[in-house]
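Novice: A single structure is presented below for examination.
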2 protein chains.
Amino acid sequence: MHAYDLLLQRSREVAGYNSTASVLAWDQETYMPEKAAPYRAEQLAQLAGLAHRLATAAEVGDWIKACEDIMPACADDLECELRQANVREWRRDYDRATKLPGRLVEDLAKTTSLAREHWAKARGASDFSAFAPWLEKILGLVREQADCWGYEDQRYDALLDAYEPGARVATLAPLFDDLQARLAPLLPRLRAATASADPKRLEGSYPVAAQQRFDRRVAESMGFDFEAGRIDSTVHPFCTEMGPRDCRLTTRYNENDFTSALFGVMHEAGHGLYTQGLRPEQFGTPMGTYLSLGIHESQSRLWENQVGRSRAFWGHWYAEAVEQFPRLASLPQADFWLIVNRVEPSLIRVEADEATYNLHIVLRFELEQKLVAGDLAVSDLPAAWNARFEELFQIPVPDDRRGCLQDTHWALGLFGYFPTYTLGTLNAAQLFDAALARVPGLEDDLQAGKYARLLAWLREHVHEPGRRFSPAELMIRATGSPTGADAFINYLQAKYALA
Amino acid sequence: MHAYDLLLQRSREVAGYNSTASVLAWDQETYMPEKAAPYRAEQLAQLAGLAHRLATAAEVGDWIKACEDIMPACADDLECELRQANVREWRRDYDRATKLPGRLVEDLAKTTSLAREHWAKARGASDFSAFAPWLEKILGLVREQADCWGYEDQRYDALLDAYEPGARVATLAPLFDDLQARLAPLLPRLRAATASADPKRLEGSYPVAAQQRFDRRVAESMGFDFEAGRIDSTVHPFCTEMGPRDCRLTTRYNENDFTSALFGVMHEAGHGLYTQGLRPEQFGTPMGTYLSLGIHESQSRLWENQVGRSRAFWGHWYAEAVEQFPRLASLPQADFWLIVNRVEPSLIRVEADEATYNLHIVLRFELEQKLVAGDLAVSDLPAAWNARFEELFQIPVPDDRRGCLQDTHWALGLFGYFPTYTLGTLNAAQLFDAALARVPGLEDDLQAGKYARLLAWLREHVHEPGRRFSPAELMIRATGSPTGADAFINYLQAKYALA
């Protein structure tokens with residue numbers, strides 16, 4: 001058997017166990033009875049251990065080397081190019097997985113599992129000092145992790161690269177600076193433009209069954225295939241892939257406001273459409289796998305924001321919403337639109353509007369770089385957070401619970417993850433612009449609640465390539481330029497008619 | 001590491017993968033989107049293959065042999081006895097699994113998978129000739145299977161033993177003859193006693209939500225732990241174990257008759273209580289595994305019939321049922337009781353009442369012995385079925401769809417399985433009698449809708465031993481005698497006041 005075929009077989013074998021683990025994890029969040037938790041953890045650990053052993057075995061390294069040694073010139077042969085791209089990505093995955101010593105992997109898993117509980121307690125009590133020693137320990141391990149992976153310029157790059165292949169501080173920092181510089185003068189105008197919106201006018205009684213009907217209708221219209229997926233209800237919404245034709249979304253229903261579950265479903269269905277758009281025959285190989293968090297997030301945000309919060313969307317759907325939810329009858333569509341697009345700086349990232357959200361990320365991106373580099377002591381984090389937060393938002397931080405303790409990411413060792421949220425936001429605006437420019441009649445489609453041609457364009461330019469190109473290459477091929485802030489800033493200005 | 005500890009580790013490892021497969025299979029029946037089916041089959045095959053390789057590896061045989069060679073005398077040491085019982089059962093499982101050549105296992109899997117479709121078509125068209133060649137082929141493979149496993153007296157014994165360890169034609173045939181001989185004169189009296197029952201009076205509107213509430217209340221009262229289990233809805237009800245504290249039941253709701261889902265839930269919850277009663281610390285070893293199908297079925301039938309169809313049960317629950325289901329207000333409890341206990345011979349096994357059900361099994365038990373022995377040609381099966389059916393039921397068989405094509409078992413290669421249904425029925429009556437005789441005040445408990453002491457007795461005498469004893473030993477220890485027909489015949493006579 002050729003080394004390539006052995007790799008293919010192994011890659012699919014590992015994907016089989018990983019997708020099985022996804023079923024276990026999904027069941028755990030949706031339906032599993034509570035006393036089953038300890039054994040479920042054992043089942044998940046068993047599969048993770050098996051998949052890790054299979055993926056990092058010495059022979060896998062030999063097979064990759066053998067493929068690299070005989071890499072032919074492909075010359076316009078797509079099949080050949082895809083195989084080479086698979087080998088390149090297998091190398092990336094293998095190196096990242098094998099460069100970490102087993103001791104470090106275990107230490108990280110154990111520490112973050114304990115730290116998560118201590119973080120939750122510390123947040124509850126708004127007591128940063130109770131979490132500080134854990135954050136200190138995690139930072140030590142994360143730095144070690146970065147050193148094992150290796151980097152050219154700075155340590156933080158190695159972490160960033162885990163979530164967004166190819167991303168580097170040298171390109172991200174100027175991009176985020178630019179974004180922040182352009183958002184700063186814009187935000188007061190966005191606030192003023194939406195100041196008359198009164199969210200209280202939206203509050204009412206929205207029965208779950210009616211929300212489920214409406215949300216499903218919307219997800220179907222987006223093109224989400226319910227014969228290859230479904231929506232269930234969980235505390236923390238997510239989207240998970242269990243196989244080439246099995247994508248599960250979840251949402252959370254608020255009986256006083258139907259828009260939270262709806263935008264949640266559109267967000268998760270955006271992720272789901274990406275998953276459903278990967279080539280099923282490539283499942284279990286890099287060419288059938290999502291590219292990066294910044295690209296994944298671009299799909300969820302594009303459907304949630306560029307589509308779901310647009311005037312065109314509600315122009316089509318508002319009548320049906322009023323039919324499903326009699327409460328809306330007394331709320332004019334224009335007022336409703338303003339409410340779901342209200343811009344208002346606030347303390348909590350996950351509750352932020354789509355404009356100020358990015359300042360939350362800018363803050364975290366700056367601080368976590370300093371923490372990893374050792375330029376900011378853990379004990380100085382709350383003060384640094386609060387000072388920079390007030391600069392960015394002009395709101396004082398009342399306590400650490402609503403400040404530097406609000407997110408779980410750092411407690412889980414996820415440094416370098418936050419920037420992908422804003423990359424997703426910028427990519428979404430840029431991809432949506434490109435689609436509008438390149439798909440004739442798309443504006444009319446969106447007015448009419450028709451999304452097939454938008455989806456087809458995303459399929460071709462974002463979903464189907466899998467990991468064939470780097471995120472930067474994919475953005476250039478799809479939109480003509482690498483990720484920038486222009487499209488997003490223009491989108492905000494146009495949306496609120498401030499351009 | 002001692003050979004015993006290696007076996008323990010391997011046994012639990014295999015149980016981990018098998019219980020993970022149970023999660024996949026449960027999801028497939030309950031929530032999985034339809035297009036996911038082909039990949040789900042691959043995931044299940046992957047886990048089954050892995051578990052089979054691990055369970056049948058040569059070293060496992062060596063470890064078992066090593067344990068057998070140094071088997072100490074235990075002398076009143078329970079821990080020691082349980083370890084020896086584990087070794088005995090590991091030997092049984094290992095031999096049964098390794099005696100079949102891989103080619104035969106594959107051939108059986110492939111043939112029965114195809115045969116199932118052909119059987120379904122043949123049944124739909126009531127065309128036995130379309131299924132006959134498949135049945136011929138399956139019988140050939142099943143005979144080969146029996147020969148590989150080995151037997152002392154007759155080939156059919158080897159098959160029977162797969163579902164009911166220790167069961168042999170030499171003891172079962174006289175038992176079933178005795179049962180049939182005593183049922184024959186009793187049935188006309190049971191029919192007469194329930195002839196006035198009119199099932200139409202029960203028909204009405206029973207909303208699913210109300211049924212779910214009521215069924216859950218009943219299952220909770222039985223002692224089913226909903227923190228370690230749940231009930232979902234499927235086309236074919238089942239009970240499955242996914243770990244030491246995770247047992248999933250399913251049922252099917254009929255909006256015109258609440259009793260079908262209710263008795264279904266009591267039946268499956270009976271299985272579930274057995275599962276929940278196995279010792280969690282023994283999970284993944286024979287001592288933490290159910291004993292046989294005949295014992296498993298005794299638990300489901302005991303709760304469904306001895307408890308659920310009793311006057312005592314409805315004396316307690318009928319008022320609440322009337323509250324939940326206003327339709328019942330006009331149906332006196334005595335009439336309701338007669339309807340759910342009506343005895344009436346019919347063509348279809350799965351629709352039969354608890355008395356005539358056993359004649360359906362007697363018929364299949366007789367015929368499948370002859371088929372396996374080659375004493376009955378496949379082409380003669382319909383005629384033999386129809387003739388014997390009319391003798392037993394005094395009803396002519398109108399077509400093969402309602403005759404020898406009605407069950408899926410033979411198409412799946414499950415010869416020797418049917419008798420365990422009646423063993424379950426007989427065991428249920430006998431165990432219930434023993435509990436009544438040995439638990440003081442149990443009658444009063446049942447009148448009051450209290451089942452804790454009944455469950456405690458079953459836990460101790462049936463659930464907790466796992467596979468420590470053979471089914472025959474367990475019945476003798478629990479009831480004083482091996483499985484017989486007395487208790488069941490007495491139960492029927494007493495129930496209808498014909499004694």
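Simple scheme: letters A, B, ... for chains in structure tokens order, numbers from 1 for residues in each chain, numbers from 1 for ligands in the order shown.
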Taking only C-alpha atoms into account, find every residue of chain B that has an atom no more than 9 Å from chain A, and write it out as an MDAnalysis selection string.
Specialist: chainID B and resid 13 16:17 19:21 23:24 27 31:40 42:44 46:47 226:230 242:247
Novice: Write the residues you've just listed into a file as a PDB file, in the first residue's frame, and include C-alpha atoms for each of them.
Specialist:
```pdb
ATOM      1  CA  GLU B  13     -12.031  -1.542  27.812  1.00  0.00           C
ATOM      2  CA  GLY B  16     -16.325   1.073  27.069  1.00  0.00           C
ATOM      3  CA  TYR B  17     -16.449   0.719  23.299  1.00  0.00           C
ATOM      4  CA  SER B  19     -21.415   1.190  25.601  1.00  0.00           C
ATOM      5  CA  THR B  20     -20.273   3.953  23.245  1.00  0.00           C
ATOM      6  CA  ALA B  21     -21.804   1.935  20.399  1.00  0.00           C
ATOM      7  CA  VAL B  23     -25.079   5.677  22.466  1.00  0.00           C
ATOM      8  CA  LEU B  24     -24.679   5.722  18.672  1.00  0.00           C
ATOM      9  CA  ASP B  27     -29.222   8.223  18.799  1.00  0.00           C
ATOM     10  CA  TYR B  31     -32.873  11.727  16.987  1.00  0.00           C
ATOM     11  CA  MET B  32     -30.406  11.088  14.153  1.00  0.00           C
ATOM     12  CA  PRO B  33     -31.226  12.821  10.846  1.00  0.00           C
ATOM     13  CA  GLU B  34     -31.884  10.313   8.072  1.00  0.00           C
ATOM     14  CA  LYS B  35     -28.995  11.138   5.744  1.00  0.00           C
ATOM     15  CA  ALA B  36     -26.581  10.312   8.555  1.00  0.00           C
ATOM     16  CA  ALA B  37     -27.434   6.610   8.353  1.00  0.00           C
ATOM     17  CA  PRO B  38     -24.649   5.370   6.033  1.00  0.00           C
ATOM     18  CA  TYR B  39     -21.877   7.003   8.056  1.00  0.00           C
ATOM     19  CA  ARG B  40     -23.449   5.907  11.324  1.00  0.00           C
ATOM     20  CA  GLU B  42     -19.515   2.862   9.453  1.00  0.00           C
ATOM     21  CA  GLN B  43     -19.042   4.265  12.957  1.00  0.00           C
ATOM     22  CA  LEU B  44     -20.841   1.288  14.479  1.00  0.00           C
ATOM     23  CA  GLN B  46     -15.629   0.502  13.426  1.00  0.00           C
ATOM     24  CA  LEU B  47     -16.451   0.144  17.128  1.00  0.00           C
ATOM     25  CA  PHE B 226     -34.666   9.303  36.030  1.00  0.00           C
ATOM     26  CA  GLU B 227     -31.359  10.834  37.085  1.00  0.00           C
ATOM     27  CA  ALA B 228     -29.746   7.730  35.600  1.00  0.00           C
ATOM     28  CA  GLY B 229     -32.119   7.197  32.689  1.00  0.00           C
ATOM     29  CA  ARG B 230     -34.837   8.686  30.515  1.00  0.00           C
ATOM     30  CA  MET B 242     -25.085   3.026  27.968  1.00  0.00           C
ATOM     31  CA  GLY B 243     -23.049   2.801  31.121  1.00  0.00           C
ATOM     32  CA  PRO B 244     -23.384   1.983  34.809  1.00  0.00           C
ATOM     33  CA  ARG B 245     -25.773   4.874  35.433  1.00  0.00           C
ATOM     34  CA  ASP B 246     -27.320   5.522  32.060  1.00  0.00           C
ATOM     35  CA  CYS B 247     -30.318   3.486  30.952  1.00  0.00           C
TER      36      CYS B 247
END
```
Novice: So that I can see what lies close to Ala373 (chain A), please list as a CSV table (one decimal) with N, CA and C atoms, in the first residue's frame the residues with an atom at most 12 Å from it, counting only C-alpha atoms and leaving out residues fewer than 5 positions away in the same chain.
Specialist:
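Dumped everything to part.csv:
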```
chain,number,residue,atom,x,y,z
A,139,LEU,N,-0.5,30.0,32.5
A,139,LEU,CA,0.4,30.8,31.6
A,139,LEU,C,1.8,30.1,31.5
A,140,GLY,N,2.3,29.5,32.6
A,140,GLY,CA,3.5,28.8,32.5
A,140,GLY,C,3.5,27.6,31.5
A,142,VAL,N,1.2,27.2,29.1
A,142,VAL,CA,0.9,27.7,27.8
A,142,VAL,C,2.2,28.2,27.1
A,143,ARG,N,3.1,28.9,27.9
A,143,ARG,CA,4.4,29.3,27.3
A,143,ARG,C,5.2,28.1,26.9
A,144,GLU,N,5.2,27.1,27.7
A,144,GLU,CA,5.9,25.9,27.4
A,144,GLU,C,5.4,25.2,26.1
A,146,ALA,N,3.9,26.8,23.7
A,146,ALA,CA,4.3,27.6,22.5
A,146,ALA,C,5.8,27.3,22.2
A,147,ASP,N,6.6,27.1,23.2
A,147,ASP,CA,8.0,26.8,22.9
A,147,ASP,C,8.2,25.5,22.2
A,153,ASP,N,8.9,34.8,15.3
A,153,ASP,CA,9.0,36.1,15.8
A,153,ASP,C,8.7,36.2,17.3
A,154,GLN,N,7.4,35.9,17.7
A,154,GLN,CA,7.2,35.9,19.1
A,154,GLN,C,6.3,34.7,19.5
A,155,ARG,N,6.5,34.3,20.8
A,155,ARG,CA,5.8,33.2,21.4
A,155,ARG,C,4.3,33.1,21.1
A,156,TYR,N,3.7,34.3,21.3
A,156,TYR,CA,2.2,34.3,21.1
A,156,TYR,C,1.8,33.8,19.7
A,157,ASP,N,2.7,34.0,18.7
A,157,ASP,CA,2.3,33.6,17.4
A,157,ASP,C,2.1,32.1,17.3
A,159,LEU,N,0.7,30.3,19.5
A,159,LEU,CA,-0.6,30.0,20.1
A,159,LEU,C,-1.7,30.4,19.1
A,366,GLU,N,-4.8,42.6,23.2
A,366,GLU,CA,-3.7,43.3,23.8
A,366,GLU,C,-3.2,42.7,25.1
A,367,LEU,N,-4.2,42.4,26.0
A,367,LEU,CA,-3.8,41.9,27.3
A,367,LEU,C,-3.2,40.5,27.3
A,368,GLU,N,-3.7,39.6,26.5
A,368,GLU,CA,-3.2,38.3,26.5
A,368,GLU,C,-1.8,38.2,25.8
A,378,VAL,N,0.4,38.7,36.3
A,378,VAL,CA,-1.0,38.3,36.6
A,378,VAL,C,-1.6,39.2,37.6
A,415,PHE,N,-5.3,30.8,25.0
A,415,PHE,CA,-4.7,32.0,24.6
A,415,PHE,C,-4.5,32.1,23.1
```
Novice: Show me, as an MDAnalysis selection string, the residues that have an atom within 12 Å of Phe263 (chain A) when counting only C-alpha atoms, minus same-chain residues fewer than 2 positions from it.
Specialist: chainID A and resid 211 214:216 218:219 237 250:254 257:261 265:270 300:310 340:341 354
Novice: Residues near Glu59 (chain A), anyone? I mean within 12 Å using only C-alpha atoms, not counting same-chain ones fewer than 4 positions away, as number ranges by chain.
Specialist: A: 3, 6-7, 10, 53-55, 63-66, 94
Novice: Among region 73-238 of chain B, which residues does DSSP mark as helix (DSSP H, G or I) when it is run on the backbone? Keep the chain and numbering as in the structure and answer as a VMD selection string.
Specialist: chain B and resid 78 to 98 102 to 125 128 to 149 155 to 163 169 to 194 199 to 201 208 to 222
Novice: Using the selection just defined, write its residues with C-alpha atoms as a CSV table (one decimal), in the first residue's frame.
Specialist:
```csv
chain,number,residue,atom,x,y,z
B,78,LEU,CA,-17.3,-13.8,48.3
B,79,GLU,CA,-14.7,-11.7,46.6
B,80,CYS,CA,-12.8,-14.8,45.6
B,81,GLU,CA,-16.1,-16.4,44.4
B,82,LEU,CA,-17.0,-13.5,42.2
B,83,ARG,CA,-13.5,-13.5,40.6
B,84,GLN,CA,-13.8,-17.1,39.8
B,85,ALA,CA,-17.3,-16.6,38.4
B,86,ASN,CA,-15.9,-13.8,36.2
B,87,VAL,CA,-13.2,-16.1,34.9
B,88,ARG,CA,-15.8,-18.8,34.2
B,89,GLU,CA,-17.9,-16.3,32.2
B,90,TRP,CA,-15.0,-14.8,30.4
B,91,ARG,CA,-14.1,-18.3,29.3
B,92,ARG,CA,-17.7,-18.8,28.0
B,93,ASP,CA,-17.7,-15.5,26.1
B,94,TYR,CA,-14.2,-16.0,24.7
B,95,ASP,CA,-14.9,-19.5,23.5
B,96,ARG,CA,-18.2,-18.6,21.9
B,97,ALA,CA,-16.5,-15.6,20.2
B,98,THR,CA,-13.4,-17.4,19.0
B,102,GLY,CA,-14.1,-14.8,10.7
B,103,ARG,CA,-15.5,-15.9,7.3
B,104,LEU,CA,-18.6,-17.4,9.0
B,105,VAL,CA,-19.2,-14.2,11.1
B,106,GLU,CA,-19.0,-12.0,8.0
B,107,ASP,CA,-21.1,-14.3,5.9
B,108,LEU,CA,-23.8,-14.4,8.6
B,109,ALA,CA,-23.7,-10.6,9.0
B,110,LYS,CA,-23.9,-10.0,5.3
B,111,THR,CA,-26.6,-12.6,4.6
B,112,THR,CA,-28.9,-11.6,7.4
B,113,SER,CA,-28.5,-7.9,6.4
B,114,LEU,CA,-29.7,-8.7,2.9
B,115,ALA,CA,-32.2,-11.3,4.1
B,116,ARG,CA,-33.9,-8.7,6.3
B,117,GLU,CA,-34.8,-6.6,3.3
B,118,HIS,CA,-36.0,-9.7,1.3
B,119,TRP,CA,-38.1,-10.8,4.3
B,120,ALA,CA,-39.7,-7.4,4.6
B,121,LYS,CA,-40.6,-7.4,0.9
B,122,ALA,CA,-41.8,-11.1,1.1
B,123,ARG,CA,-44.0,-10.3,4.1
B,124,GLY,CA,-45.4,-7.2,2.4
B,125,ALA,CA,-46.4,-9.4,-0.6
B,128,PHE,CA,-43.1,-17.0,1.2
B,129,SER,CA,-41.3,-18.3,-1.9
B,130,ALA,CA,-39.4,-15.0,-2.2
B,131,PHE,CA,-38.0,-15.5,1.2
B,132,ALA,CA,-37.5,-19.3,1.1
B,133,PRO,CA,-34.0,-19.3,-0.5
B,134,TRP,CA,-32.8,-16.8,2.1
B,135,LEU,CA,-34.1,-18.8,4.9
B,136,GLU,CA,-32.4,-21.9,3.4
B,137,LYS,CA,-29.1,-20.1,3.3
B,138,ILE,CA,-29.4,-18.7,6.8
B,139,LEU,CA,-30.3,-22.2,8.2
B,140,GLY,CA,-27.1,-23.5,6.6
B,141,LEU,CA,-25.0,-20.8,8.3
B,142,VAL,CA,-26.8,-21.2,11.6
B,143,ARG,CA,-26.1,-25.0,11.5
B,144,GLU,CA,-22.5,-24.3,10.8
B,145,GLN,CA,-22.5,-21.8,13.7
B,146,ALA,CA,-23.9,-24.4,16.1
B,147,ASP,CA,-21.4,-26.9,15.0
B,148,CYS,CA,-18.5,-24.5,15.6
B,149,TRP,CA,-19.9,-23.8,19.1
B,155,ARG,CA,-27.5,-28.9,17.4
B,156,TYR,CA,-30.3,-26.6,18.5
B,157,ASP,CA,-29.0,-26.7,22.0
B,158,ALA,CA,-25.9,-24.7,20.9
B,159,LEU,CA,-28.2,-21.9,19.6
B,160,LEU,CA,-30.5,-21.9,22.6
B,161,ASP,CA,-27.4,-21.6,24.9
B,162,ALA,CA,-26.4,-18.3,23.2
B,163,TYR,CA,-29.5,-16.6,24.6
B,169,VAL,CA,-34.2,-29.0,24.5
B,170,ALA,CA,-34.1,-32.0,27.0
B,171,THR,CA,-35.5,-29.8,29.7
B,172,LEU,CA,-37.3,-27.1,27.7
B,173,ALA,CA,-39.4,-29.4,25.5
B,174,PRO,CA,-41.1,-31.2,28.5
B,175,LEU,CA,-41.7,-27.8,30.1
B,176,PHE,CA,-43.3,-26.3,27.0
B,177,ASP,CA,-45.4,-29.5,26.5
B,178,ASP,CA,-46.6,-29.2,30.1
B,179,LEU,CA,-47.4,-25.5,29.7
B,180,GLN,CA,-49.3,-26.1,26.4
B,181,ALA,CA,-51.2,-29.1,27.9
B,182,ARG,CA,-52.4,-27.0,30.8
B,183,LEU,CA,-53.1,-23.9,28.8
B,184,ALA,CA,-55.3,-25.7,26.3
B,185,PRO,CA,-58.2,-26.5,28.7
B,186,LEU,CA,-57.8,-23.1,30.5
B,187,LEU,CA,-58.0,-20.8,27.5
B,188,PRO,CA,-61.7,-21.3,26.8
B,189,ARG,CA,-62.4,-20.5,30.4
B,190,LEU,CA,-60.2,-17.3,30.3
B,191,ARG,CA,-62.0,-16.3,27.0
B,192,ALA,CA,-65.4,-16.8,28.6
B,193,ALA,CA,-64.4,-14.8,31.7
B,194,THR,CA,-63.3,-11.8,29.7
B,199,PRO,CA,-62.0,-2.5,23.9
B,200,LYS,CA,-64.0,0.1,21.9
B,201,ARG,CA,-65.1,1.6,25.2
B,208,VAL,CA,-49.3,12.6,24.3
B,209,ALA,CA,-48.3,15.1,27.0
B,210,ALA,CA,-50.7,13.7,29.5
B,211,GLN,CA,-49.6,10.1,28.7
B,212,GLN,CA,-46.0,11.2,29.2
B,213,ARG,CA,-46.8,12.7,32.6
B,214,PHE,CA,-48.7,9.6,33.7
B,215,ASP,CA,-46.2,7.1,32.4
B,216,ARG,CA,-43.4,8.9,34.1
B,217,ARG,CA,-45.2,9.0,37.4
B,218,VAL,CA,-45.8,5.2,37.2
B,219,ALA,CA,-42.1,4.5,36.2
B,220,GLU,CA,-40.9,6.7,39.0
B,221,SER,CA,-43.2,4.8,41.5
B,222,MET,CA,-41.6,1.5,40.3
```
Novice: One number please: CA of Lys99 (chain A) to CA of Ala51 (chain A), in Å, one decimal.
Specialist: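 Value for the CA of Lys99 (chain A)-CA of Ala51 (chain A) distance: 16.4 Å.
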Novice: Which polymer residues have any atom within 12 Å of an atom of Val350 (chain B), counting only C-alpha atoms, with same-chain residues fewer than 3 positions away left out, as number ranges by chain?
Specialist: B: 236, 260, 264, 345-347, 353-354, 356-358, 360-361, 402, 406-408, 418, 421
Novice: List the neighbours of Pro382 (chain B) out to 8 Å using only C-alpha atoms; skip same-chain residues closer than 2 positions along the sequence, and give me the result as number ranges by chain.
Specialist: B: 128, 379-380, 384-386, 400, 403-404
Novice: Keeping only N, CA and C atoms, write the selected residues as a compact mmCIF listing (two decimals), in the first residue's frame.
Specialist:
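Listed below is the output, again_22.txt:
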```txt
# COMPACT_ATOMS: atom_id res chain seq x y z
N PHE B 128 -44.11 -16.26 0.52
CA PHE B 128 -43.07 -17.01 1.20
C PHE B 128 -41.96 -17.47 0.26
N SER B 379 -39.38 -25.44 2.33
CA SER B 379 -40.56 -25.31 1.45
C SER B 379 -41.83 -25.81 2.13
N ASP B 380 -41.69 -26.67 3.14
CA ASP B 380 -42.87 -27.18 3.84
C ASP B 380 -43.26 -26.34 5.05
N ALA B 384 -46.74 -26.49 7.44
CA ALA B 384 -46.56 -26.98 8.81
C ALA B 384 -47.02 -25.93 9.82
N TRP B 385 -46.65 -24.67 9.54
CA TRP B 385 -47.06 -23.55 10.41
C TRP B 385 -48.58 -23.50 10.50
N ASN B 386 -49.21 -23.47 9.34
CA ASN B 386 -50.66 -23.29 9.30
C ASN B 386 -51.41 -24.42 10.00
N ASP B 400 -49.48 -16.03 4.55
CA ASP B 400 -48.18 -16.16 5.21
C ASP B 400 -47.76 -14.88 5.91
N GLY B 403 -48.87 -15.35 8.92
CA GLY B 403 -48.45 -16.67 9.36
C GLY B 403 -46.95 -16.69 9.59
N CYS B 404 -46.26 -17.56 8.87
CA CYS B 404 -44.85 -17.81 9.16
C CYS B 404 -43.92 -16.68 8.73
```
Novice: One decimal, in Å: what's the spacing between CA of Phe389 (chain A) and CA of Ala355 (chain A)?
Specialist: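 These atoms are spaced 15.4 Å apart.
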Novice: Neighbours of region 457-469 of chain A within 6 Å (only C-alpha atoms; same-chain residues fewer than 5 positions away dropped), as a list in words?
Specialist: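 In the requested form, the answer reads Ala85, Tyr274, Gly277, Leu278, Arg279, Pro286, Met287, Gly288, Thr289, Tyr290, Leu291, Leu474 and Ala478 of chain A.
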